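Written below as structure tokens is the structure these notes are about.
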Amino acid sequence: MIVKLSSIIPAWRQAGLQLSSNTMGKKNKPDTRGFVYSTDPNFRFEEESKNVETLSPSQQRLKVRMETKHRAGKAVTLIEGFIGKDEDLQELGKKLKTFCGTGGSAKDGEIIIQGDQRDKVTLWLLKNGYVNSKKI
């Protein structure tokens, strides 16, 4: 038996059927801990409160390295180990991108600078007080 979808939809609406709000409106969105879906309709992800104070530049232990994995063979410079607020990470990333004259991004506690800029980045970090930064 072949039934057109357009003939089914008005039929269930005329019968007074409605989909519950749990099946249509609310979706369990994935989070950073790896949870994707829960069968419990009352499940809620707990929000993590991050009130991390940004360490001073002399206390930051930054690692500068080059990576080509998962980037179609393109080289990028990764700066890892930043401890602090996301706004401060974004600000540092912007300063480094401007100094190197390239693009990049700052997210998830690391700064990505396009190209092999390890020497430039390490020099800038040491010049601006990040004395514990090292090139790997």
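To be explicit about the labels: the chains of the structure tokens are called A, B, and onward in the order shown, and within each one the residues are counted from 1, while ligands get numbers from 1 in the order they are shown.
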
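Every protein or nucleic acid residue with an atom no more than 10 Å from Lys94 (chain A), counting only C-alpha atoms and leaving out same-chain residues fewer than 6 positions away, appears here: Asp88, Cys100, Gly103, Gly104, Ser105, Ala106, Ile111 and Ile113 of chain A.
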
Store the residues picked out above in a file with N, CA and C atoms, as a PDB file, in the first residue's frame.
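To be explicit, this is the file written out as part-v3.pdb:
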```pdb
ATOM      1  N   ASP A  88      40.972  36.663  27.684  1.00  0.00           N
ATOM      2  CA  ASP A  88      42.411  36.903  27.674  1.00  0.00           C
ATOM      3  C   ASP A  88      43.108  36.029  26.628  1.00  0.00           C
ATOM      4  N   CYS A 100      52.467  38.187  13.674  1.00  0.00           N
ATOM      5  CA  CYS A 100      52.939  37.265  12.631  1.00  0.00           C
ATOM      6  C   CYS A 100      52.417  37.640  11.251  1.00  0.00           C
ATOM      7  N   GLY A 103      46.626  34.548   9.766  1.00  0.00           N
ATOM      8  CA  GLY A 103      45.343  34.255  10.401  1.00  0.00           C
ATOM      9  C   GLY A 103      45.509  33.191  11.455  1.00  0.00           C
ATOM     10  N   GLY A 104      44.402  32.857  12.069  1.00  0.00           N
ATOM     11  CA  GLY A 104      44.423  31.824  13.084  1.00  0.00           C
ATOM     12  C   GLY A 104      43.177  31.909  13.944  1.00  0.00           C
ATOM     13  N   SER A 105      43.193  31.176  15.040  1.00  0.00           N
ATOM     14  CA  SER A 105      42.057  31.185  15.959  1.00  0.00           C
ATOM     15  C   SER A 105      42.542  30.883  17.367  1.00  0.00           C
ATOM     16  N   ALA A 106      41.681  31.205  18.337  1.00  0.00           N
ATOM     17  CA  ALA A 106      41.987  30.929  19.735  1.00  0.00           C
ATOM     18  C   ALA A 106      40.753  30.315  20.364  1.00  0.00           C
ATOM     19  N   ILE A 111      45.957  28.370  21.040  1.00  0.00           N
ATOM     20  CA  ILE A 111      45.964  29.372  19.975  1.00  0.00           C
ATOM     21  C   ILE A 111      46.568  28.721  18.740  1.00  0.00           C
ATOM     22  N   ILE A 113      47.983  29.464  14.970  1.00  0.00           N
ATOM     23  CA  ILE A 113      48.487  30.468  14.040  1.00  0.00           C
ATOM     24  C   ILE A 113      48.826  29.750  12.741  1.00  0.00           C
TER      25      ILE A 113
END
```

7 Å contact set for region 130-135 of chain A, only C-alpha atoms, chain neighbours under 6 positions out, as a list of chain:residue names: A:Pro57, A:Ser58, A:Gln60, A:Arg61, A:Leu62, A:Lys63, A:Val64, A:Arg65, A:Arg118, A:Thr122

With C-alpha atoms kept, could you save the residues just selected as a PDB file, in the first residue's frame?
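Printed below is result-v6.pdb as written:
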```
ATOM      1  CA  PRO A  57      52.616  36.201  31.834  1.00  0.00           C
ATOM      2  CA  SER A  58      55.624  35.161  33.926  1.00  0.00           C
ATOM      3  CA  GLN A  60      52.222  30.940  32.169  1.00  0.00           C
ATOM      4  CA  ARG A  61      53.908  27.771  30.879  1.00  0.00           C
ATOM      5  CA  LEU A  62      53.224  27.956  27.162  1.00  0.00           C
ATOM      6  CA  LYS A  63      54.369  25.345  24.669  1.00  0.00           C
ATOM      7  CA  VAL A  64      54.861  26.383  21.052  1.00  0.00           C
ATOM      8  CA  ARG A  65      54.877  23.612  18.465  1.00  0.00           C
ATOM      9  CA  ARG A 118      57.374  29.013  15.902  1.00  0.00           C
ATOM     10  CA  THR A 122      58.499  32.304  20.762  1.00  0.00           C
TER      11      THR A 122
END
```

Atomic distance CA of Lys85 (chain A) - CA of Glu53 (chain A), expressed in Å with one decimal: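 We find that CA of Lys85 (chain A) and CA of Glu53 (chain A) lie 6.4 Å from each other.
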